[in-house]
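Text of my_file19.cif, listed as mmCIF, C-alpha atoms:
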data_input
#
loop_
_atom_site.label_atom_id
_atom_site.label_comp_id
_atom_site.auth_asym_id
_atom_site.auth_seq_id
_atom_site.Cartn_x
_atom_site.Cartn_y
_atom_site.Cartn_z
CA MET A 1 -22.29 -40.20 -31.80
CA LYS A 2 -22.98 -36.61 -32.88
CA ASN A 3 -24.46 -35.86 -29.47
CA LYS A 4 -21.37 -37.28 -27.78
CA LEU A 5 -19.03 -35.17 -29.92
CA PHE A 6 -21.13 -32.08 -29.28
CA PHE A 7 -21.02 -32.74 -25.55
CA LEU A 8 -17.22 -33.14 -25.57
CA ALA A 9 -16.80 -29.96 -27.60
CA LEU A 10 -19.01 -28.09 -25.17
CA ILE A 11 -16.90 -29.26 -22.22
CA ALA A 12 -13.73 -28.15 -24.02
CA MET A 13 -15.19 -24.69 -24.64
CA VAL A 14 -16.15 -24.33 -20.98
CA LEU A 15 -12.66 -25.37 -19.85
CA VAL A 16 -11.00 -22.91 -22.22
CA GLY A 17 -13.33 -20.18 -21.07
CA CYS A 18 -12.60 -20.89 -17.41
CA SER A 19 -8.88 -20.88 -18.07
CA LYS A 20 -9.13 -17.52 -19.81
CA ASP A 21 -11.24 -16.04 -17.06
CA ASP A 22 -8.79 -17.21 -14.41
CA GLY A 23 -5.91 -15.61 -16.26
CA GLU A 24 -7.68 -12.30 -16.63
CA GLU A 25 -8.77 -12.31 -13.00
CA ASN A 26 -5.27 -13.00 -11.72
CA GLY A 27 -3.60 -10.58 -14.12
CA GLY A 28 -3.81 -7.64 -11.73
CA SER A 29 -3.72 -9.62 -8.51
CA LEU A 30 -0.99 -10.08 -5.95
CA PRO A 31 1.65 -12.78 -6.44
CA GLN A 32 0.79 -16.13 -4.92
CA LEU A 33 1.85 -16.45 -1.30
CA PRO A 34 4.74 -18.85 -0.61
CA ASP A 35 2.44 -20.34 2.04
CA PRO A 36 -1.19 -19.70 0.99
CA ASN A 37 -2.28 -20.15 4.61
CA ASP A 38 0.05 -17.49 6.04
CA VAL A 39 0.47 -13.92 4.76
CA CYS A 40 3.58 -13.66 6.93
CA SER A 41 5.31 -15.99 4.48
CA ALA A 42 5.59 -12.94 2.19
CA MET A 43 7.45 -10.91 4.84
CA ASP A 44 11.20 -10.59 5.21
CA ASP A 45 11.52 -9.08 8.69
CA SER A 46 11.38 -11.17 11.88
CA GLU A 47 10.01 -8.32 14.01
CA SER A 48 7.29 -7.59 11.49
CA ILE A 49 6.32 -11.27 11.54
CA ARG A 50 6.36 -11.32 15.35
CA TYR A 51 4.12 -8.26 15.47
CA CYS A 52 1.62 -9.86 13.09
CA TYR A 53 1.58 -13.20 14.93
CA ASP A 54 1.08 -11.40 18.25
CA HIS A 55 -1.77 -9.24 16.99
CA PHE A 56 -3.51 -10.97 14.09
CA ASP A 57 -3.15 -14.73 14.60
CA LEU A 58 -6.62 -15.06 16.08
CA ASP A 59 -6.72 -18.86 16.25
CA LYS A 60 -3.12 -19.10 17.53
CA ASP A 61 -1.96 -21.57 14.88
CA LEU A 62 1.28 -19.66 14.20
CA ALA A 63 -0.05 -18.29 10.92
CA VAL A 64 -1.99 -15.23 9.80
CA SER A 65 -4.43 -16.56 7.24
CA PRO A 66 -5.72 -14.37 4.39
CA LYS A 67 -9.09 -14.30 6.20
CA GLU A 68 -7.43 -13.06 9.40
CA ALA A 69 -5.44 -10.48 7.41
CA ALA A 70 -8.65 -9.22 5.83
CA LEU A 71 -9.94 -8.34 9.31
CA VAL A 72 -6.99 -6.06 10.08
CA ARG A 73 -7.78 -2.34 10.12
CA LYS A 74 -4.69 -0.97 11.88
CA ILE A 75 -0.96 -1.68 11.85
CA ASP A 76 1.02 0.32 14.39
CA CYS A 77 4.74 -0.43 14.32
CA ASP A 78 5.15 1.63 17.51
CA ASP A 79 2.82 -0.67 19.42
CA ARG A 80 4.37 -2.27 22.50
CA ASP A 81 4.17 -5.83 23.75
CA ASP A 82 3.24 -6.86 27.29
CA ASP A 83 6.74 -6.08 28.53
CA PHE A 84 6.57 -2.57 27.05
CA LYS A 85 9.23 -3.44 24.52
CA LEU A 86 8.89 -1.78 21.14
CA TYR A 87 8.63 -3.94 18.06
CA ASP A 88 11.80 -3.06 16.16
CA VAL A 89 10.16 -3.32 12.73
CA ARG A 90 12.59 -2.66 9.89
CA SER A 91 10.53 -3.68 6.88
CA VAL A 92 6.84 -3.85 6.05
CA LYS A 93 7.21 -6.04 3.00
CA GLY A 94 4.02 -8.09 2.72
CA ILE A 95 1.76 -5.25 3.84
CA GLU A 96 -0.04 -5.53 0.51
CA TYR A 97 -1.74 -8.69 1.80
CA PHE A 98 -3.77 -6.63 4.30
CA PRO A 99 -6.42 -5.30 1.89
CA ASN A 100 -8.67 -3.57 4.43
CA LEU A 101 -6.04 -1.60 6.30
CA VAL A 102 -7.24 1.92 7.17
CA GLU A 103 -4.54 3.10 9.59
CA LEU A 104 -0.78 2.69 9.37
CA ASN A 105 1.96 3.93 11.71
CA PHE A 106 5.49 3.09 10.68
CA GLY A 107 7.14 4.00 13.97
CA GLY A 108 10.91 3.80 13.66
CA TRP A 109 10.94 1.66 10.53
CA ASN A 110 13.47 3.05 8.09
CA SER A 111 15.13 0.44 5.91
CA ALA A 112 13.27 -0.48 2.72
CA ALA A 113 13.91 1.62 -0.37
CA ASP A 114 10.62 0.86 -2.12
CA LEU A 115 7.21 1.01 -0.48
CA ASP A 116 4.16 -0.13 -2.42
CA LEU A 117 0.79 0.74 -0.83
CA SER A 118 -1.14 0.54 -4.09
CA TYR A 119 -3.03 -2.58 -2.93
CA ASN A 120 -4.05 -1.05 0.43
CA LEU A 121 -7.19 0.64 -0.83
CA GLY A 122 -8.52 1.29 2.67
CA LEU A 123 -5.81 3.91 3.20
CA THR A 124 -7.42 7.24 2.32
CA LYS A 125 -5.36 9.78 4.27
CA PHE A 126 -1.90 10.37 5.72
CA GLY A 127 -0.95 12.91 8.37
CA ASP A 128 2.23 14.82 9.17
CA TYR A 129 5.54 12.93 8.75
CA ALA A 130 3.63 9.85 7.63
CA PHE A 131 6.58 8.12 5.97
CA PRO A 132 9.98 7.34 7.50
CA TYR A 133 13.51 7.91 6.29
CA GLY A 134 15.02 5.62 3.70
CA ILE A 135 12.20 5.39 1.17
CA ILE A 136 13.26 6.08 -2.41
CA THR A 137 10.14 5.06 -4.36
CA LEU A 138 6.64 5.37 -2.91
CA LYS A 139 3.48 4.01 -4.52
CA LEU A 140 0.26 5.35 -3.02
CA PRO A 141 -3.25 3.86 -3.27
CA LYS A 142 -5.67 5.25 -5.83
CA THR A 143 -8.13 5.79 -2.98
CA LEU A 144 -6.00 8.49 -1.34
CA GLU A 145 -8.12 11.53 -0.48
CA GLU A 146 -6.13 13.60 2.00
CA VAL A 147 -2.57 14.54 2.92
CA THR A 148 -0.99 17.41 4.85
CA PRO A 149 1.75 19.78 3.69
CA LEU A 150 4.15 17.76 5.89
CA THR A 151 3.15 14.23 4.86
CA PHE A 152 6.39 13.60 2.93
CA ASP A 153 8.64 15.95 4.90
CA MET A 154 10.76 13.25 6.61
CA CYS A 155 11.60 11.43 3.39
CA ASP A 156 15.11 12.75 2.72
CA ASP A 157 15.89 10.12 0.07
CA LEU A 158 12.51 10.02 -1.67
CA THR A 159 12.96 10.51 -5.43
CA THR A 160 9.69 9.22 -6.89
CA ILE A 161 6.03 9.25 -5.86
CA TYR A 162 3.29 7.42 -7.76
CA CYS A 163 -0.13 8.88 -6.91
CA PRO A 164 -2.90 7.26 -9.01
CA ALA A 165 -5.76 9.15 -7.35
CA VAL A 166 -7.82 10.83 -10.09
CA GLU A 167 -8.61 13.80 -7.83
CA PRO A 168 -5.61 15.50 -6.19
CA PRO A 169 -5.70 14.54 -2.50
CA ARG A 170 -6.80 17.62 -0.57
CA MET A 171 -4.68 19.30 2.07
CA SER A 172 -6.18 18.66 5.51
CA TYR A 173 -5.08 22.12 6.58
CA SER A 174 -3.91 25.08 4.55
CA TRP A 175 -3.04 28.72 4.66
CA PRO A 176 -2.26 31.33 1.99
CA GLY A 177 0.70 30.08 -0.01
CA VAL A 178 0.66 26.59 1.53
CA GLU A 179 3.39 24.36 0.12
CA LEU A 180 3.78 20.61 -0.02
CA GLU A 181 7.05 20.14 1.87
CA VAL A 182 9.34 17.76 0.00
CA GLU A 183 13.09 17.25 0.02
CA ASP A 184 15.37 18.22 -2.85
CA ALA A 185 15.82 14.55 -3.79
CA LEU A 186 12.21 14.30 -5.00
CA ALA A 187 12.31 14.44 -8.81
CA LYS A 188 8.96 13.09 -10.04
CA ILE A 189 5.37 12.84 -8.86
CA TYR A 190 3.56 10.56 -11.28
CA VAL A 191 -0.20 11.15 -11.50
CA PRO A 192 -2.91 10.04 -13.96
CA LYS A 193 -2.38 11.69 -17.33
CA ALA A 194 -5.87 13.15 -17.42
CA SER A 195 -5.34 14.70 -13.98
CA ALA A 196 -1.86 16.19 -14.39
CA ALA A 197 -3.07 19.73 -15.06
CA LYS A 198 -5.46 19.50 -12.12
CA TYR A 199 -2.63 18.46 -9.77
CA GLN A 200 -0.43 21.27 -11.05
CA LYS A 201 -3.09 23.79 -10.05
CA ALA A 202 -4.31 22.19 -6.82
CA GLU A 203 -3.63 23.82 -3.44
CA GLY A 204 -0.34 22.56 -2.05
CA TRP A 205 0.45 20.36 -5.04
CA LYS A 206 0.96 23.36 -7.32
CA THR A 207 4.17 24.24 -5.49
CA CYS A 208 5.57 21.00 -6.95
CA ALA A 209 4.09 21.59 -10.40
CA SER A 210 7.43 21.16 -12.15
CA LYS A 211 7.79 17.65 -10.67
CA ILE A 212 4.28 16.46 -11.61
CA VAL A 213 4.17 14.16 -14.64
CA GLY A 214 1.24 12.43 -16.34
CA TYR A 215 1.43 8.63 -16.23
CA ASP A 216 -0.61 5.65 -17.47
CA PHE A 217 -1.50 3.60 -14.40
#
Represent the structure contained in this file as structure tokens.
Amino acid sequence: MKNKLFFLALIAMVLVGCSKDDGEENGGSLPQLPDPNDVCSAMDDSESIRYCYDHFDLDKDLAVSPKEAALVRKIDCDDRDDDFKLYDVRSVKGIEYFPNLVELNFGGWNSAADLDLSYNLGLTKFGDYAFPYGIITLKLPKTLEEVTPLTFDMCDDLTTIYCPAVEPPRMSYSWPGVELEVEDALAKIYVPKASAAKYQKAEGWKTCASKIVGYDF
């Protein structure tokens, strides 16, 4: 009897432990997909979905599985279909489900106010005019290593940037007195608290020193 009770107690402890582990593991993870077999179920734009089905649905089952999404390295919203018609992408909601993305071209996309790239850890650099009009809040990946002085120059409405990279992303080109070109609307650049002073002194970033604020990511 004692052995039976001990065995049951042991099972209960294992189940509790598993439940706790699952909760901790999922705490910082993405929300569950509406359709776990199709990352496009998290998207809200028909052209974005069409682009993904055309390019990433490898087994042609009218779904882009998480495994297929994990193979994606490039999303180019300016890419053309066989009839040379542009994909008129207006929103990239759901892009967070492409974890190994290393190259991103927004093309003419210009509608969503908030853009969260914090889950796209393969993105390490952005070039000139990397982000389109219309963005108000931009969350960058902590893996970001490089920008140019003109990376944010097209973002007329951008008010807030979250940049969790511990080291200030370097400028890919510079000259004496180089400035990070931002519009007047930009009010805050949130960076890790321990790195705020470093950002305020870094080449390019220091011209926005008054906008740089330490933040707990």
>> as a PyMOL selection string, please: the residues near Pro132 in chain A (cut-off 12 Å, all atoms listed in the file, same-chain neighbours under 2 positions excluded).
In response: chain A and resi 77+89-92+104-115+128-130+134-136+138+151-158
>> Using all atoms listed in the file for the distances, tell me which of A:Met43, A:Val178, A:Leu58, A:Ile95 is nearest to Pro149 in chain A.
In response: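 Of A:Met43, A:Val178, A:Leu58, A:Ile95, the one nearest Pro149 in chain A, counting all atoms listed in the file, is A:Val178.
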> Quick one: of A:Thr137, A:Ser29, A:Ser210, A:Ser195, who's nearest to Pro99 in chain A, counting all atoms listed in the file?
Replying inline: A:Ser29
>> So that I can check the surroundings of Leu121 in chain A, please list as a list in words every protein, DNA and RNA residue that reaches within 10 Å of it, counting only C-alpha atoms and ignoring chain neighbours fewer than 3 positions away.
In response: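 Within the cut-off, the hits are Glu96, Phe98, Pro99, Asn100, Leu101, Val102, Leu117, Ser118, Thr124, Leu140, Pro141, Lys142, Thr143 and Leu144 of chain A.
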> Quick one: distance from CA of Lys193 in chain A to CA of Gly94 in chain A in Å, one decimal?
Replying inline: 28.9 Å
